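**Q** Quick one: the structure is below, questions incoming.
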Amino acid sequence: MRHLMSPLDFTTSELEKLFDLASEIEKNPKKFSTICNGKILATCFYEPSTRTRLSFESAMYHLGGNVLGFSDAASSSASKGESVSDTIRMISCYADICAIRHPKEGAPMVASGKSSIPVINAGDGGHQHPTQTLTDLLTIRSMKGRLSQFTIGLCGDLKFGRTVHSLINALIRYPDIQFIFISPEELKIPDYIREDVLEKNNIPYKEFVRLEDCIGDLDLLYMTRVQRERFFNEEEYIRLKDFYILDKNKMALAKKDMLVLHPLPRVNEISVEVDDDARAVYFKQVQYGVYVRMALILTLLELL
Ligand code: CP
């Protein structure tokens with residue numbers, strides 16, 4: 001039995017197979033529409049979510065399966081003090097596979113140790129968000145035809161943004177990837193990513209504060225929201241939340257084929273005037289998120 005805790009749990013060749021399956025599902029969804037008949041997905045979300053939870057549920061319904069779960073810790077017995085370890089033992093009796101989101105780093109890993117069904121990390125604190133990374137990689141592969149030879153800019157909250165941490169870990173396995181990190185001083189990439197992931201693997205990176213100073217060099221721009229829920233100080237959040245606003249003027253400085261991605265939700269960091277730009281692919285990303293989660297459910301349930 002396999003779980004998904006980190007994007008690195010799959011080798012790059014396993015990821016290729018997963019993305020090929022997701023692309024096959026995209027082209028021929030009917031072929032997969034009953035494959036999960038009789039199977040149940042549990043979504044255990046101890047933190048708010050729109051995309052991740054609903055895309056998992058949509059994925060399971062599109063495969064012909066069923067879904068149960070909770071979307072708020074307060075409506076589960078976590079509010080009475082039940083541990084994640086005990087909860088997953090219950091869920092293992094009710095479902096065939098479980099996606100879990102939790103504010104504490106490592107909680108899905110703890111759950112996987114006690115589970116008798118596959119567990120998927122649907123986001124743990126500021127740590128990892130592997131299925132968002134699968135979504136991001138599938139989007140890039142589908143729209144650019146490759147996952148190598150990119151200069152990718154990651155902009156915004158690089159300290160708390162778990163999607164950023166997961167994406168860096170995943171992309172360093174492909175050739176000729178360079179990173180440009182764009183953030184205010186207070187939200188720079190954590191030292192453990194800089195030292196243990198980038199420098200240890202000789203991955204080139206540069207750091208900027210102003211997006212205008214580097215946007216013209218980028219093949220991909222990954223915008224992120226300032227993560228209000230991870231700040232200890234509301235004043236600090238208010239000071240930093242509108243530090244970056246991608247608008248038409250900044251897009252005019254970018255390459256004609258640069259793609260703009262965002263894991264969403266967006267707050268103010270991308271002006272709505274950018275939505276109609278052909279390079280803005282963040283809403284397409286959402287659709288790829290359903291295909292890749294369908295492929296992941298089939299892979300972890302070993303149904304193919
Ligand atoms: N991208 C993402 O994780 O969105 P949600 O928080 O809405 O699930």
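In the structure tokens, the first chain shown is A, the next is B, and so on; residue numbers restart at 1 for each chain, and ligands run from 1 in the order shown.
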Need to verify the contact set: Ser76 of chain A, 10 Å, only C-alpha atoms, exclusion of same-chain residues closer than 5 positions in sequence. Can you return it as a list of chain:residue names?
**A**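 Neighbouring residues, sequence-local ones excluded: A:Cys44, A:Phe45, A:Tyr46, A:Gly69, A:Phe70, A:Ser71, A:Gly81, A:Glu82, A:Thr87.
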**Q** Kindly provide, as a PyMOL selection string, all nucleotide and amino acid residues lying within 10 Å of ligand 1, counting only C-alpha atoms and all ligand atoms.
**A** chain A and resi 45+47-56+101+122-123+129-133+135-136+162-163+224+262-266+285-286+289
**Q** I need the residues of segment 129-273 of chain A that end up classed as helix (DSSP H, G or I) by DSSP on the backbone, written out as a PyMOL selection string.
**A** chain A and resi 130-144+162-171+185-187+191-199+211-213+215-217+228-230+234-240+248-251+272-273
**Q** Among segment 51-201 of chain A, which residues carry a DSSP assignment of strand (DSSP E), reported as a ChimeraX atom specification?
**A** /A:66-70,97-102,119-124,150-155,177-182
**Q** Using only C-alpha atoms, which protein or nucleic acid residues come within 6 Å of segment 257-259 of chain A? Drop anything in the same chain fewer than 5 positions from it, and give the result as a list of chain:residue names.
**A** A:Asp219, A:Leu220, A:Arg279
**Q** For a test of reading the model, state the distance in Å between atom CA of Pro103 of chain A and atom CA of Thr11 of chain A, rounded to one decimal.
**A**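 It comes out at 26.8 Å.
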**Q** Can you pull out the residues contacting segment 269-278 of chain A? Cut-off 12 Å, using only C-alpha atoms, and skip same-chain residues under 4 positions away; I want them as a ChimeraX atom specification.
**A** /A:143,155-157,211,221-227,240-252,254,256-265,282-284
**Q** What lies within 12 Å of Lys27 of chain A using only C-alpha atoms, ignoring chain neighbours under 5 positions off, as a ChimeraX atom specification?
**A** /A:20-22,32,288,291
**Q** Would you kindly return, as a VMD selection string, each protein, DNA or RNA residue with an atom no farther than 8 Å from any atom of Val67 of chain A, considering only C-alpha atoms and excluding same-chain residues fewer than 2 positions away?
**A** chain A and resid 40 to 43 57 60 to 61 65 69
**Q** Since we have the selection now, will you write its residues out, keeping all heavy atoms, as a PDB file, in the first residue's frame?
**A**
ATOM      1  N   ILE A  40     -14.855   4.229  -1.933  1.00  0.00           N
ATOM      2  CA  ILE A  40     -15.185   5.450  -1.174  1.00  0.00           C
ATOM      3  C   ILE A  40     -13.899   6.223  -0.859  1.00  0.00           C
ATOM      4  O   ILE A  40     -12.918   5.657  -0.379  1.00  0.00           O
ATOM      5  CB  ILE A  40     -15.914   5.100   0.144  1.00  0.00           C
ATOM      6  CG1 ILE A  40     -17.267   4.446  -0.167  1.00  0.00           C
ATOM      7  CG2 ILE A  40     -16.109   6.333   1.013  1.00  0.00           C
ATOM      8  CD1 ILE A  40     -18.010   3.935   1.064  1.00  0.00           C
ATOM      9  N   LEU A  41     -13.956   7.522  -1.145  1.00  0.00           N
ATOM     10  CA  LEU A  41     -12.887   8.447  -0.762  1.00  0.00           C
ATOM     11  C   LEU A  41     -13.333   9.208   0.476  1.00  0.00           C
ATOM     12  O   LEU A  41     -14.457   9.733   0.505  1.00  0.00           O
ATOM     13  CB  LEU A  41     -12.624   9.453  -1.896  1.00  0.00           C
ATOM     14  CG  LEU A  41     -11.809  10.695  -1.533  1.00  0.00           C
ATOM     15  CD1 LEU A  41     -10.320  10.369  -1.419  1.00  0.00           C
ATOM     16  CD2 LEU A  41     -12.014  11.807  -2.564  1.00  0.00           C
ATOM     17  N   ALA A  42     -12.482   9.288   1.493  1.00  0.00           N
ATOM     18  CA  ALA A  42     -12.750  10.154   2.649  1.00  0.00           C
ATOM     19  C   ALA A  42     -11.932  11.426   2.509  1.00  0.00           C
ATOM     20  O   ALA A  42     -10.730  11.364   2.218  1.00  0.00           O
ATOM     21  CB  ALA A  42     -12.383   9.442   3.941  1.00  0.00           C
ATOM     22  N   THR A  43     -12.576  12.577   2.709  1.00  0.00           N
ATOM     23  CA  THR A  43     -11.846  13.849   2.732  1.00  0.00           C
ATOM     24  C   THR A  43     -11.923  14.386   4.158  1.00  0.00           C
ATOM     25  O   THR A  43     -13.004  14.747   4.628  1.00  0.00           O
ATOM     26  CB  THR A  43     -12.424  14.865   1.726  1.00  0.00           C
ATOM     27  OG1 THR A  43     -13.834  14.990   1.925  1.00  0.00           O
ATOM     28  CG2 THR A  43     -12.175  14.440   0.295  1.00  0.00           C
ATOM     29  N   GLU A  57     -13.134  15.476  -4.465  1.00  0.00           N
ATOM     30  CA  GLU A  57     -14.491  14.908  -4.492  1.00  0.00           C
ATOM     31  C   GLU A  57     -14.980  14.788  -5.931  1.00  0.00           C
ATOM     32  O   GLU A  57     -15.553  13.755  -6.331  1.00  0.00           O
ATOM     33  CB  GLU A  57     -15.425  15.760  -3.620  1.00  0.00           C
ATOM     34  CG  GLU A  57     -14.966  15.706  -2.164  1.00  0.00           C
ATOM     35  CD  GLU A  57     -15.938  16.330  -1.160  1.00  0.00           C
ATOM     36  OE1 GLU A  57     -17.005  16.829  -1.570  1.00  0.00           O
ATOM     37  OE2 GLU A  57     -15.609  16.301   0.030  1.00  0.00           O
ATOM     38  N   MET A  60     -13.316  11.806  -7.561  1.00  0.00           N
ATOM     39  CA  MET A  60     -13.876  10.499  -7.190  1.00  0.00           C
ATOM     40  C   MET A  60     -15.240  10.285  -7.843  1.00  0.00           C
ATOM     41  O   MET A  60     -15.546   9.187  -8.327  1.00  0.00           O
ATOM     42  CB  MET A  60     -13.966  10.391  -5.666  1.00  0.00           C
ATOM     43  CG  MET A  60     -14.205   8.983  -5.165  1.00  0.00           C
ATOM     44  SD  MET A  60     -13.049   7.775  -5.896  1.00  0.00           S
ATOM     45  CE  MET A  60     -13.091   6.443  -4.722  1.00  0.00           C
ATOM     46  N   TYR A  61     -16.075  11.328  -7.880  1.00  0.00           N
ATOM     47  CA  TYR A  61     -17.385  11.181  -8.538  1.00  0.00           C
ATOM     48  C   TYR A  61     -17.215  10.891 -10.037  1.00  0.00           C
ATOM     49  O   TYR A  61     -17.948  10.072 -10.604  1.00  0.00           O
ATOM     50  CB  TYR A  61     -18.243  12.432  -8.326  1.00  0.00           C
ATOM     51  CG  TYR A  61     -18.818  12.546  -6.920  1.00  0.00           C
ATOM     52  CD1 TYR A  61     -18.632  13.699  -6.153  1.00  0.00           C
ATOM     53  CD2 TYR A  61     -19.549  11.502  -6.356  1.00  0.00           C
ATOM     54  CE1 TYR A  61     -19.140  13.794  -4.869  1.00  0.00           C
ATOM     55  CE2 TYR A  61     -20.066  11.593  -5.062  1.00  0.00           C
ATOM     56  CZ  TYR A  61     -19.853  12.735  -4.321  1.00  0.00           C
ATOM     57  OH  TYR A  61     -20.359  12.833  -3.048  1.00  0.00           O
ATOM     58  N   GLY A  65     -17.028   6.678  -8.074  1.00  0.00           N
ATOM     59  CA  GLY A  65     -16.995   6.333  -6.652  1.00  0.00           C
ATOM     60  C   GLY A  65     -17.832   7.273  -5.813  1.00  0.00           C
ATOM     61  O   GLY A  65     -18.542   8.139  -6.325  1.00  0.00           O
ATOM     62  N   GLY A  69     -16.841  12.561   4.477  1.00  0.00           N
ATOM     63  CA  GLY A  69     -15.772  13.285   5.160  1.00  0.00           C
ATOM     64  C   GLY A  69     -16.272  14.493   5.914  1.00  0.00           C
ATOM     65  O   GLY A  69     -17.477  14.678   6.079  1.00  0.00           O
TER      66      GLY A  69
END
**Q** One decimal, Å: what's the distance from atom CA of Ile35 of chain A over to atom CA of Ser23 of chain A, could you say?
**A**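 That distance, rounded to one decimal, is 16.6 Å.
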**Q** Considering only C-alpha atoms, tabulate each residue of segment 196-279 of chain A that lies at most 7 Å from segment 169-190 of chain A along with its nearest interatomic pair and the corresponding distance in Å to one decimal; arrange the rows by chain and ascending residue number and present them as a Markdown table.
**A**
| residue | atom | partner | partner_atom | distance |
| --- | --- | --- | --- | --- |
| A:Val197 | CA | A:Asn169 | CA | 6.9 |
| A:Ile203 | CA | A:Gln178 | CA | 6.7 |
| A:Pro204 | CA | A:Gln178 | CA | 5.2 |
| A:Tyr205 | CA | A:Phe179 | CA | 4.6 |
| A:Lys206 | CA | A:Ile180 | CA | 4.9 |
| A:Glu207 | CA | A:Phe181 | CA | 4.7 |
| A:Phe208 | CA | A:Ile182 | CA | 4.8 |
| A:Val209 | CA | A:Ser183 | CA | 5.2 |
| A:Arg210 | CA | A:Ile182 | CA | 6.7 |
| A:Leu211 | CA | A:Ile182 | CA | 6.3 |
**Q** Could you write out that same residue set with C-alpha atoms as a PDB file, in the first residue's frame?
**A**
ATOM      1  CA  VAL A 197      17.516  21.507  -1.318  1.00  0.00           C
ATOM      2  CA  ILE A 203      20.612  24.364  -8.279  1.00  0.00           C
ATOM      3  CA  PRO A 204      21.077  27.945  -9.524  1.00  0.00           C
ATOM      4  CA  TYR A 205      18.886  30.615  -7.933  1.00  0.00           C
ATOM      5  CA  LYS A 206      18.708  34.386  -7.571  1.00  0.00           C
ATOM      6  CA  GLU A 207      16.702  36.554  -5.212  1.00  0.00           C
ATOM      7  CA  PHE A 208      14.915  39.815  -5.961  1.00  0.00           C
ATOM      8  CA  VAL A 209      12.589  42.120  -4.067  1.00  0.00           C
ATOM      9  CA  ARG A 210      11.043  43.877  -7.091  1.00  0.00           C
ATOM     10  CA  LEU A 211       9.132  41.786  -9.634  1.00  0.00           C
TER      11      LEU A 211
END
